[in-house]
$ cat data-v4.cif   # mmCIF, C-alpha atoms
data_work
#
loop_
_atom_site.label_atom_id
_atom_site.label_comp_id
_atom_site.auth_asym_id
_atom_site.auth_seq_id
_atom_site.Cartn_x
_atom_site.Cartn_y
_atom_site.Cartn_z
CA MET A 18 30.96 4.34 16.85
CA THR A 19 30.62 6.17 13.56
CA GLY A 20 29.62 9.82 13.13
CA LEU A 21 26.10 8.74 12.13
CA ASP A 22 25.69 6.67 15.31
CA ILE A 23 26.69 9.63 17.46
CA TRP A 24 24.46 12.03 15.49
CA MET A 25 21.38 9.76 15.73
CA ARG A 26 21.79 9.37 19.49
CA GLU A 27 22.15 13.12 19.93
CA ASN A 28 19.19 13.93 17.63
CA PRO A 29 16.77 11.00 17.93
CA LEU A 30 13.63 12.96 16.97
CA THR A 31 15.26 14.46 13.85
CA TYR A 32 16.50 10.99 12.91
CA VAL A 33 12.99 9.51 13.32
CA TRP A 34 11.28 12.41 11.51
CA LEU A 35 13.63 12.68 8.55
CA GLY A 36 14.39 9.01 8.15
CA SER A 37 10.91 7.56 8.58
CA TYR A 38 8.12 10.11 8.29
CA ALA A 39 9.60 12.55 5.76
CA PHE A 40 10.77 9.60 3.66
CA ALA A 41 7.34 7.88 3.81
CA LEU A 42 5.67 11.18 2.91
CA LEU A 43 8.02 11.55 -0.07
CA ILE A 44 7.09 8.04 -1.23
CA PHE A 45 3.37 8.84 -0.93
CA VAL A 46 3.83 12.08 -2.89
CA VAL A 47 5.80 10.30 -5.64
CA GLU A 48 3.07 7.63 -5.85
CA LEU A 49 0.33 10.25 -6.12
CA VAL A 50 2.24 12.13 -8.83
CA LEU A 51 2.74 8.89 -10.78
CA VAL A 52 -0.97 7.99 -10.49
CA ARG A 53 -1.99 11.45 -11.74
CA HIS A 54 0.56 11.25 -14.57
CA LYS A 55 -0.72 7.81 -15.60
CA ARG A 56 -4.30 9.10 -15.72
CA LYS A 57 -3.24 12.08 -17.83
CA LEU A 58 -1.36 9.82 -20.26
CA THR A 59 -4.26 7.34 -20.51
CA LEU A 60 -6.76 10.10 -21.23
CA GLU A 61 -4.45 11.58 -23.89
CA GLN A 62 -4.08 8.17 -25.56
CA ILE A 63 -7.85 7.64 -25.61
CA ARG A 64 -8.44 11.10 -27.08
CA LEU A 65 -5.84 10.44 -29.80
CA LEU A 66 -7.48 7.08 -30.59
CA ARG A 67 -10.87 8.77 -30.74
CA GLU A 68 -9.60 11.53 -33.04
CA ALA A 69 -7.93 8.95 -35.30
CA GLY A 70 -11.22 7.01 -35.42
CA GLU A 71 -13.20 10.12 -36.34
CA GLU A 72 -10.79 10.96 -39.19
CA ASP A 73 -11.26 7.45 -40.64
CA MET B 256 -34.64 -0.88 -0.74
CA ALA B 257 -32.32 -3.65 -1.93
CA ILE B 258 -29.02 -2.60 -3.49
CA ASN B 259 -27.84 -4.56 -6.49
CA TRP B 260 -24.16 -4.96 -5.55
CA PHE B 261 -23.38 -6.82 -8.79
CA LYS B 262 -24.06 -3.56 -10.60
CA TYR B 263 -20.77 -2.23 -9.16
CA SER B 264 -18.77 -5.13 -10.57
CA ALA B 265 -19.22 -3.61 -14.02
CA PRO B 266 -16.19 -1.39 -14.85
CA SER B 267 -18.42 1.41 -16.19
CA THR B 268 -20.42 1.69 -12.92
CA PHE B 269 -17.39 1.20 -10.70
CA TYR B 270 -15.44 3.89 -12.58
CA ALA B 271 -18.04 6.51 -11.65
CA LEU B 272 -18.40 5.23 -8.08
CA ALA B 273 -14.61 5.28 -7.54
CA GLY B 274 -14.46 8.86 -8.80
CA LYS B 275 -17.02 9.92 -6.19
CA LEU B 276 -15.32 8.01 -3.33
CA ILE B 277 -11.70 9.11 -3.87
CA PRO B 278 -12.01 12.66 -2.38
CA TRP B 279 -13.71 11.29 0.76
CA PHE B 280 -11.01 8.70 1.38
CA ALA B 281 -8.21 11.16 0.54
CA ILE B 282 -9.49 13.92 2.85
CA SER B 283 -10.15 11.43 5.68
CA ALA B 284 -6.63 10.01 5.24
CA ALA B 285 -5.02 13.47 5.43
CA MET B 286 -6.99 14.29 8.60
CA MET B 287 -6.16 10.95 10.21
CA PHE B 288 -2.44 11.38 9.38
CA ALA B 289 -2.45 14.84 11.00
CA VAL B 290 -4.20 13.60 14.18
CA GLY B 291 -2.10 10.41 14.36
CA LEU B 292 1.18 12.28 13.99
CA TYR B 293 0.13 14.88 16.57
CA ILE B 294 -0.71 12.20 19.16
CA GLY B 295 2.36 10.16 18.22
CA PHE B 296 4.81 13.01 18.60
CA PHE B 297 3.25 15.39 21.13
CA VAL B 298 0.96 13.30 23.34
CA ALA B 299 2.51 9.81 23.50
CA PRO B 300 5.18 9.59 26.22
CA VAL B 301 8.82 8.64 25.69
CA ASP B 302 9.49 4.89 25.97
CA TYR B 303 11.56 4.04 29.04
CA GLN B 304 13.73 1.52 27.14
CA GLN B 305 13.88 2.82 23.55
CA GLY B 306 13.62 6.56 24.17
CA GLU B 307 12.40 8.61 21.20
CA PHE B 308 13.38 5.93 18.66
CA TYR B 309 10.24 3.90 19.37
CA ARG B 310 8.16 6.59 17.60
CA ILE B 311 9.05 4.88 14.30
CA ILE B 312 6.38 2.36 15.37
CA PHE B 313 3.58 4.72 14.26
CA ILE B 314 4.58 4.33 10.60
CA HIS B 315 6.44 0.99 10.74
CA VAL B 316 3.60 -1.11 12.16
CA PRO B 317 0.81 0.32 9.92
CA ALA B 318 3.04 -0.05 6.84
CA SER B 319 3.86 -3.67 7.76
CA ILE B 320 0.20 -4.55 8.42
CA LEU B 321 -0.89 -2.86 5.17
CA SER B 322 1.80 -4.65 3.14
CA MET B 323 0.45 -8.02 4.33
CA PHE B 324 -3.28 -7.20 4.13
CA LEU B 325 -2.96 -5.61 0.69
CA TYR B 326 -1.23 -8.74 -0.56
CA LEU B 327 -4.12 -10.89 0.69
CA VAL B 328 -6.67 -8.50 -0.83
CA MET B 329 -4.73 -8.56 -4.11
CA ALA B 330 -4.60 -12.39 -4.06
CA VAL B 331 -8.36 -12.60 -3.37
CA TYR B 332 -9.14 -10.23 -6.27
CA ALA B 333 -6.72 -12.15 -8.52
CA ALA B 334 -8.39 -15.46 -7.53
CA LEU B 335 -11.86 -14.03 -8.21
CA GLY B 336 -10.68 -12.87 -11.62
CA LEU B 337 -9.18 -16.28 -12.34
CA ILE B 338 -12.19 -18.31 -11.18
CA PHE B 339 -15.10 -16.16 -12.34
CA ASN B 340 -13.31 -14.37 -15.20
CA THR B 341 -14.52 -11.02 -13.85
CA ARG B 342 -12.74 -8.08 -15.47
CA LEU B 343 -12.89 -5.68 -12.53
CA SER B 344 -11.36 -8.15 -10.05
CA ALA B 345 -8.24 -8.53 -12.20
CA MET B 346 -8.04 -4.77 -12.65
CA MET B 347 -8.26 -4.25 -8.89
CA ALA B 348 -5.46 -6.78 -8.29
CA THR B 349 -3.29 -4.92 -10.80
CA ALA B 350 -4.03 -1.58 -9.11
CA ILE B 351 -3.27 -2.85 -5.59
CA ALA B 352 0.20 -4.28 -6.35
CA PRO B 353 2.24 -1.02 -6.58
CA THR B 354 0.73 0.38 -3.36
CA GLY B 355 1.35 -2.91 -1.55
CA ALA B 356 4.95 -2.93 -2.78
CA LEU B 357 5.46 0.63 -1.52
CA PHE B 358 4.11 -0.27 1.91
CA ALA B 359 6.41 -3.33 2.03
CA PHE B 360 9.32 -1.05 1.11
CA ILE B 361 8.38 1.53 3.78
CA SER B 362 8.09 -1.30 6.32
CA LEU B 363 11.59 -2.57 5.49
CA TRP B 364 13.08 0.92 5.35
CA THR B 365 11.64 2.10 8.68
CA GLY B 366 12.51 -1.27 10.21
CA ALA B 367 16.13 -0.76 9.20
CA LEU B 368 16.07 2.73 10.70
CA TRP B 369 14.67 1.33 13.94
CA GLY B 370 17.07 -1.63 13.92
CA LYS B 371 20.21 0.49 13.76
CA PRO B 372 19.85 2.27 17.14
CA MET B 373 18.20 -0.74 18.84
CA TRP B 374 20.15 -3.74 17.50
CA GLY B 375 23.22 -1.93 16.18
CA ALA B 376 22.55 -3.15 12.62
CA TRP B 377 20.51 -1.88 9.68
CA TRP B 378 19.72 -5.41 8.57
CA VAL B 379 19.89 -8.96 9.93
CA TRP B 380 18.79 -12.14 8.13
CA ASP B 381 16.08 -12.64 10.71
CA ALA B 382 12.93 -14.69 9.86
CA ARG B 383 10.56 -11.69 10.08
CA LEU B 384 12.77 -9.37 8.04
CA THR B 385 13.60 -11.98 5.42
CA SER B 386 9.95 -13.03 4.92
CA GLU B 387 8.94 -9.35 4.58
CA LEU B 388 11.70 -8.91 1.96
CA ILE B 389 10.28 -11.95 0.11
CA LEU B 390 6.88 -10.21 0.20
CA LEU B 391 8.38 -7.17 -1.52
CA PHE B 392 9.91 -9.46 -4.18
CA LEU B 393 6.53 -11.17 -4.65
CA TYR B 394 4.90 -7.80 -5.32
CA LEU B 395 7.69 -6.86 -7.75
CA GLY B 396 7.47 -10.28 -9.41
CA TYR B 397 3.70 -9.91 -9.79
CA MET B 398 4.08 -6.50 -11.45
CA ALA B 399 6.99 -7.64 -13.67
CA LEU B 400 5.10 -10.76 -14.80
CA HIS B 401 1.95 -8.79 -15.52
CA SER B 402 3.74 -6.16 -17.57
CA SER B 403 5.80 -8.75 -19.50
CA ILE B 404 2.71 -10.26 -21.19
CA ASP B 405 1.07 -8.12 -23.88
CA ASP B 406 -2.41 -9.65 -23.75
CA PRO B 407 -4.01 -8.24 -20.53
CA ARG B 408 -6.31 -11.26 -19.98
CA ARG B 409 -3.40 -13.71 -20.25
CA ALA B 410 -1.30 -11.42 -18.03
CA ASP B 411 -4.11 -11.42 -15.45
CA ARG B 412 -4.27 -15.23 -15.38
CA ALA B 413 -0.52 -15.79 -15.15
CA SER B 414 0.05 -13.16 -12.45
CA ALA B 415 -3.03 -14.35 -10.52
CA LEU B 416 -1.37 -17.73 -10.05
CA LEU B 417 1.75 -16.03 -8.66
CA ALA B 418 -0.38 -13.88 -6.31
CA ILE B 419 -2.31 -16.92 -5.02
CA VAL B 420 0.80 -19.08 -4.50
CA GLY B 421 2.66 -16.16 -2.89
CA SER B 422 -0.10 -15.58 -0.34
CA VAL B 423 1.34 -18.49 1.69
CA ASN B 424 4.10 -16.04 2.67
CA VAL B 425 1.70 -13.78 4.62
CA PRO B 426 1.02 -16.18 7.54
CA ILE B 427 4.74 -17.00 7.52
CA ILE B 428 5.53 -13.30 8.09
CA TYR B 429 2.91 -13.01 10.83
CA PHE B 430 3.87 -16.15 12.75
CA SER B 431 7.64 -15.96 12.08
CA VAL B 432 8.27 -14.39 15.49
CA LYS B 433 6.50 -17.34 17.15
CA TRP B 434 7.82 -20.18 15.00
CA TRP B 435 11.50 -19.20 15.09
CA ASN B 436 13.87 -17.51 17.50
CA THR B 437 14.13 -14.05 16.03
CA LEU B 438 15.68 -10.73 16.93
CA HIS B 439 12.43 -9.00 15.96
CA GLN B 440 10.10 -8.39 18.88
CA GLY B 441 6.81 -10.26 19.14
CA SER B 442 3.36 -8.72 18.73
CA THR B 443 2.82 -5.88 21.19
CA ILE B 444 -0.95 -5.89 20.71
CA LYS B 445 -2.60 -9.26 21.21
CA PHE B 446 -6.19 -10.44 21.55
CA SER B 447 -5.49 -10.94 25.26
CA GLY B 448 -4.57 -7.25 25.71
CA THR B 449 -1.56 -4.97 25.56
CA THR B 450 0.93 -3.27 27.84
CA MET B 451 1.23 -0.21 25.59
CA HIS B 452 0.38 3.25 26.90
CA VAL B 453 -3.09 4.35 25.75
CA ALA B 454 -1.72 7.36 23.78
CA MET B 455 0.71 5.08 21.93
CA GLN B 456 -2.17 2.74 21.03
CA GLN B 457 -4.32 5.64 19.85
CA ALA B 458 -1.54 7.04 17.66
CA MET B 459 -0.84 3.63 16.15
CA PHE B 460 -4.47 2.80 15.39
CA ILE B 461 -5.16 6.25 13.94
CA MET B 462 -2.07 5.99 11.74
CA LEU B 463 -3.21 2.50 10.69
CA ALA B 464 -6.61 3.91 9.70
CA ALA B 465 -4.87 6.76 7.85
CA CYS B 466 -2.72 4.32 5.88
CA TRP B 467 -5.82 2.23 5.04
CA LEU B 468 -7.71 5.29 3.81
CA TYR B 469 -4.71 6.48 1.79
CA ALA B 470 -4.30 3.00 0.24
CA ILE B 471 -7.99 2.83 -0.72
CA ALA B 472 -7.89 6.33 -2.25
CA VAL B 473 -4.75 5.70 -4.30
CA VAL B 474 -5.87 2.21 -5.43
CA LEU B 475 -9.24 3.60 -6.56
CA ALA B 476 -7.44 6.39 -8.46
CA ARG B 477 -5.13 3.86 -10.12
CA VAL B 478 -7.90 1.43 -11.01
CA ARG B 479 -9.74 4.22 -12.83
CA SER B 480 -6.74 4.55 -15.18
CA VAL B 481 -6.58 0.75 -15.61
CA ILE B 482 -10.32 0.67 -16.43
CA LEU B 483 -9.91 3.47 -18.99
CA GLU B 484 -6.93 1.74 -20.59
CA ARG B 485 -8.66 -1.63 -20.89
CA GLU B 486 -12.07 -0.32 -21.89
CA ARG B 487 -10.83 2.36 -24.30
CA GLN B 488 -12.65 0.82 -27.27
CA THR B 489 -16.03 0.87 -25.55
CA LYS B 490 -18.83 3.35 -26.13
CA TRP B 491 -19.18 4.41 -22.49
CA VAL B 492 -15.51 5.50 -22.33
CA ALA B 493 -15.90 7.55 -25.52
CA GLU B 494 -18.89 9.31 -23.95
CA LEU B 495 -17.09 10.28 -20.72
CA PRO B 496 -16.82 14.08 -20.26
CA GLU B 497 -13.08 13.86 -19.47
CA VAL B 498 -12.50 12.01 -22.77
CA ARG B 499 -14.67 14.35 -24.82
CA ALA B 500 -13.01 17.46 -23.32
#

$ encode --input "data-v4.cif" --output "structure tokens"
Amino acid sequence: MTGLDIWMRENPLTYVWLGSYAFALLIFVVELVLVRHKRKLTLEQIRLLREAGEED
Amino acid sequence: MAINWFKYSAPSTFYALAGKLIPWFAISAAMMFAVGLYIGFFVAPVDYQQGEFYRIIFIHVPASILSMFLYLVMAVYAALGLIFNTRLSAMMATAIAPTGALFAFISLWTGALWGKPMWGAWWVWDARLTSELILLFLYLGYMALHSSIDDPRRADRASALLAIVGSVNVPIIYFSVKWWNTLHQGSTIKFSGTTMHVAMQQAMFIMLAACWLYAIAVVLARVRSVILERERQTKWVAELPEVRA
């Protein structure tokens, strides 16, 4: 038995919380940040295109 | 009063509708997650065989179900785009893929975390696990193929074919525990009933609803960016307040 095996059997709730739920939450947060970032970038690109069009 | 549903298949109308719906889905998802986690960790009893480790089920099962359903939804949208040449369908398929891939990844990750204390291994080349891994690769393949073609309409058509062909993997994942001898346990909840404790069922179904609501909110948010990107030359995009600001 490795140290991790012993630790997970002694702290099952911490193992479940950190490994599954905190990790899933982190993934959701990263996804939300990326979606917001993408929207910001897209809007900036459209504004730049619009400004370039107006100058022409 | 009859509602003209076809009106919402136009990107300009759907963009506004999605913007109004996102906060409702996001707030409902957050509330459902809070209730589901509370029941899952403080109300549901300890399992007599698996101890506390079974509580991974409340994220593992919803993530697995979502990864399969989202793939089917993505394939249906891709097929609609391919057959009817509807712009919004292809955009929806593109927006669903990353969320589906993340749910497939969460399913595999939490499955590994559950497998270690129960089976003594993080991973085994079991039919259920392998077919779920193939699902993740199908999502990644869909996204890679789509982004490798510059023309969005051609990218939509090529990746739609991959999505449709890949959908054959979904029933394989679902029935793998019946068709082959696998280490993975069979379905706990069946049409004939279940032996699960009522609090465990409640937590699982609430978490499933929370994951659905989250997926809808994030897909709607992503599709708004896709719509803006693809329709950037149109007049209605130029007139949007967020573009004019």

$ residues_around --input "data-v4.cif" --residues "Leu30 in chain A" --least-positions-apart "5" --cutoff "10 Å" --atoms "all atoms listed in the file" --output "ChimeraX atom specification"
/A:25,35-36 /B:296,306-311

$ interface_residues --input "data-v4.cif" --of "chain A" --to "chain B" --cutoff "9 Å" --atoms "only C-alpha atoms" --output "MDAnalysis selection string"
chainID A and resid 22 25:26 29:30 32:34 36:38 40:41 44:45 48:49 52:53 55:57 59:64 66:67

$ resolve_selection --input "data-v4.cif" --expression "the PyMOL selection byres ((chain B and resi 401) around 8)" --output "ChimeraX atom specification"
/B:397-400,402-404,407,410-411,413-414

$ atom_distance --input "data-v4.cif" --atom1 "CA of Leu337 in chain B" --atom2 "CA of Leu272 in chain B"
23.8 Å

$ resolve_selection --input "data-v4.cif" --expression "the PyMOL selection byres ((chain B and resi 321-335) around 9)" --output "PyMOL selection string"
chain B and resi 316-320+336-341+343-352+354-360+362+387+390-391+394+411-412+414-422+424-426+428-429+463+466-467+470

$ write_last_selection --input "data-v4.cif" --atoms "C-alpha atoms" --output "PDB file, in the frame of the given file"
ATOM      1  CA  VAL B 316       3.600  -1.110  12.160  1.00  0.00           C
ATOM      2  CA  PRO B 317       0.810   0.320   9.920  1.00  0.00           C
ATOM      3  CA  ALA B 318       3.040  -0.050   6.840  1.00  0.00           C
ATOM      4  CA  SER B 319       3.860  -3.670   7.760  1.00  0.00           C
ATOM      5  CA  ILE B 320       0.200  -4.550   8.420  1.00  0.00           C
ATOM      6  CA  GLY B 336     -10.680 -12.870 -11.620  1.00  0.00           C
ATOM      7  CA  LEU B 337      -9.180 -16.280 -12.340  1.00  0.00           C
ATOM      8  CA  ILE B 338     -12.190 -18.310 -11.180  1.00  0.00           C
ATOM      9  CA  PHE B 339     -15.100 -16.160 -12.340  1.00  0.00           C
ATOM     10  CA  ASN B 340     -13.310 -14.370 -15.200  1.00  0.00           C
ATOM     11  CA  THR B 341     -14.520 -11.020 -13.850  1.00  0.00           C
ATOM     12  CA  LEU B 343     -12.890  -5.680 -12.530  1.00  0.00           C
ATOM     13  CA  SER B 344     -11.360  -8.150 -10.050  1.00  0.00           C
ATOM     14  CA  ALA B 345      -8.240  -8.530 -12.200  1.00  0.00           C
ATOM     15  CA  MET B 346      -8.040  -4.770 -12.650  1.00  0.00           C
ATOM     16  CA  MET B 347      -8.260  -4.250  -8.890  1.00  0.00           C
ATOM     17  CA  ALA B 348      -5.460  -6.780  -8.290  1.00  0.00           C
ATOM     18  CA  THR B 349      -3.290  -4.920 -10.800  1.00  0.00           C
ATOM     19  CA  ALA B 350      -4.030  -1.580  -9.110  1.00  0.00           C
ATOM     20  CA  ILE B 351      -3.270  -2.850  -5.590  1.00  0.00           C
ATOM     21  CA  ALA B 352       0.200  -4.280  -6.350  1.00  0.00           C
ATOM     22  CA  THR B 354       0.730   0.380  -3.360  1.00  0.00           C
ATOM     23  CA  GLY B 355       1.350  -2.910  -1.550  1.00  0.00           C
ATOM     24  CA  ALA B 356       4.950  -2.930  -2.780  1.00  0.00           C
ATOM     25  CA  LEU B 357       5.460   0.630  -1.520  1.00  0.00           C
ATOM     26  CA  PHE B 358       4.110  -0.270   1.910  1.00  0.00           C
ATOM     27  CA  ALA B 359       6.410  -3.330   2.030  1.00  0.00           C
ATOM     28  CA  PHE B 360       9.320  -1.050   1.110  1.00  0.00           C
ATOM     29  CA  SER B 362       8.090  -1.300   6.320  1.00  0.00           C
ATOM     30  CA  GLU B 387       8.940  -9.350   4.580  1.00  0.00           C
ATOM     31  CA  LEU B 390       6.880 -10.210   0.200  1.00  0.00           C
ATOM     32  CA  LEU B 391       8.380  -7.170  -1.520  1.00  0.00           C
ATOM     33  CA  TYR B 394       4.900  -7.800  -5.320  1.00  0.00           C
ATOM     34  CA  ASP B 411      -4.110 -11.420 -15.450  1.00  0.00           C
ATOM     35  CA  ARG B 412      -4.270 -15.230 -15.380  1.00  0.00           C
ATOM     36  CA  SER B 414       0.050 -13.160 -12.450  1.00  0.00           C
ATOM     37  CA  ALA B 415      -3.030 -14.350 -10.520  1.00  0.00           C
ATOM     38  CA  LEU B 416      -1.370 -17.730 -10.050  1.00  0.00           C
ATOM     39  CA  LEU B 417       1.750 -16.030  -8.660  1.00  0.00           C
ATOM     40  CA  ALA B 418      -0.380 -13.880  -6.310  1.00  0.00           C
ATOM     41  CA  ILE B 419      -2.310 -16.920  -5.020  1.00  0.00           C
ATOM     42  CA  VAL B 420       0.800 -19.080  -4.500  1.00  0.00           C
ATOM     43  CA  GLY B 421       2.660 -16.160  -2.890  1.00  0.00           C
ATOM     44  CA  SER B 422      -0.100 -15.580  -0.340  1.00  0.00           C
ATOM     45  CA  ASN B 424       4.100 -16.040   2.670  1.00  0.00           C
ATOM     46  CA  VAL B 425       1.700 -13.780   4.620  1.00  0.00           C
ATOM     47  CA  PRO B 426       1.020 -16.180   7.540  1.00  0.00           C
ATOM     48  CA  ILE B 428       5.530 -13.300   8.090  1.00  0.00           C
ATOM     49  CA  TYR B 429       2.910 -13.010  10.830  1.00  0.00           C
ATOM     50  CA  LEU B 463      -3.210   2.500  10.690  1.00  0.00           C
ATOM     51  CA  CYS B 466      -2.720   4.320   5.880  1.00  0.00           C
ATOM     52  CA  TRP B 467      -5.820   2.230   5.040  1.00  0.00           C
ATOM     53  CA  ALA B 470      -4.300   3.000   0.240  1.00  0.00           C
TER      54      ALA B 470
END

$ build_atoms --input "data-v4.cif" --residues "range 24-44 of chain A" --atoms "N, CA and C atoms" --output "JSON list (two decimals), in the frame of the given file"
[["chain", "number", "residue", "atom", "x", "y", "z"],
["A", 24, "TRP", "N", 25.47, 11.02, 15.87],
["A", 24, "TRP", "CA", 24.46, 12.03, 15.49],
["A", 24, "TRP", "C", 23.05, 11.53, 15.82],
["A", 25, "MET", "N", 22.76, 10.26, 15.51],
["A", 25, "MET", "CA", 21.38, 9.76, 15.73],
["A", 25, "MET", "C", 21.05, 9.68, 17.23],
["A", 26, "ARG", "N", 22.05, 9.43, 18.05],
["A", 26, "ARG", "CA", 21.79, 9.37, 19.49],
["A", 26, "ARG", "C", 21.63, 10.76, 20.09],
["A", 27, "GLU", "N", 22.29, 11.74, 19.45],
["A", 27, "GLU", "CA", 22.15, 13.12, 19.93],
["A", 27, "GLU", "C", 20.87, 13.78, 19.43],
["A", 28, "ASN", "N", 20.40, 13.34, 18.24],
["A", 28, "ASN", "CA", 19.19, 13.93, 17.63],
["A", 28, "ASN", "C", 18.17, 12.84, 17.27],
["A", 29, "PRO", "N", 17.66, 12.13, 18.26],
["A", 29, "PRO", "CA", 16.77, 11.00, 17.93],
["A", 29, "PRO", "C", 15.49, 11.42, 17.20],
["A", 30, "LEU", "N", 14.89, 12.55, 17.60],
["A", 30, "LEU", "CA", 13.63, 12.96, 16.97],
["A", 30, "LEU", "C", 13.85, 13.37, 15.51],
["A", 31, "THR", "N", 14.95, 14.07, 15.23],
["A", 31, "THR", "CA", 15.26, 14.46, 13.85],
["A", 31, "THR", "C", 15.49, 13.21, 13.01],
["A", 32, "TYR", "N", 16.21, 12.26, 13.59],
["A", 32, "TYR", "CA", 16.50, 10.99, 12.91],
["A", 32, "TYR", "C", 15.19, 10.27, 12.56],
["A", 33, "VAL", "N", 14.27, 10.19, 13.53],
["A", 33, "VAL", "CA", 12.99, 9.51, 13.32],
["A", 33, "VAL", "C", 12.16, 10.26, 12.28],
["A", 34, "TRP", "N", 12.09, 11.59, 12.41],
["A", 34, "TRP", "CA", 11.28, 12.41, 11.51],
["A", 34, "TRP", "C", 11.77, 12.33, 10.08],
["A", 35, "LEU", "N", 13.08, 12.64, 9.91],
["A", 35, "LEU", "CA", 13.63, 12.68, 8.55],
["A", 35, "LEU", "C", 13.68, 11.30, 7.93],
["A", 36, "GLY", "N", 14.18, 10.36, 8.68],
["A", 36, "GLY", "CA", 14.39, 9.01, 8.15],
["A", 36, "GLY", "C", 13.10, 8.27, 7.85],
["A", 37, "SER", "N", 12.12, 8.36, 8.74],
["A", 37, "SER", "CA", 10.91, 7.56, 8.58],
["A", 37, "SER", "C", 9.76, 8.35, 7.98],
["A", 38, "TYR", "N", 9.36, 9.42, 8.67],
["A", 38, "TYR", "CA", 8.12, 10.11, 8.29],
["A", 38, "TYR", "C", 8.29, 10.96, 7.03],
["A", 39, "ALA", "N", 9.38, 11.73, 6.96],
["A", 39, "ALA", "CA", 9.60, 12.55, 5.76],
["A", 39, "ALA", "C", 9.81, 11.64, 4.55],
["A", 40, "PHE", "N", 10.50, 10.54, 4.75],
["A", 40, "PHE", "CA", 10.77, 9.60, 3.66],
["A", 40, "PHE", "C", 9.46, 8.94, 3.20],
["A", 41, "ALA", "N", 8.64, 8.50, 4.16],
["A", 41, "ALA", "CA", 7.34, 7.88, 3.81],
["A", 41, "ALA", "C", 6.46, 8.88, 3.08],
["A", 42, "LEU", "N", 6.47, 10.13, 3.56],
["A", 42, "LEU", "CA", 5.67, 11.18, 2.91],
["A", 42, "LEU", "C", 6.13, 11.40, 1.47],
["A", 43, "LEU", "N", 7.45, 11.39, 1.28],
["A", 43, "LEU", "CA", 8.02, 11.55, -0.07],
["A", 43, "LEU", "C", 7.54, 10.41, -0.97],
["A", 44, "ILE", "N", 7.54, 9.21, -0.45],
["A", 44, "ILE", "CA", 7.09, 8.04, -1.23],
["A", 44, "ILE", "C", 5.62, 8.20, -1.60]]
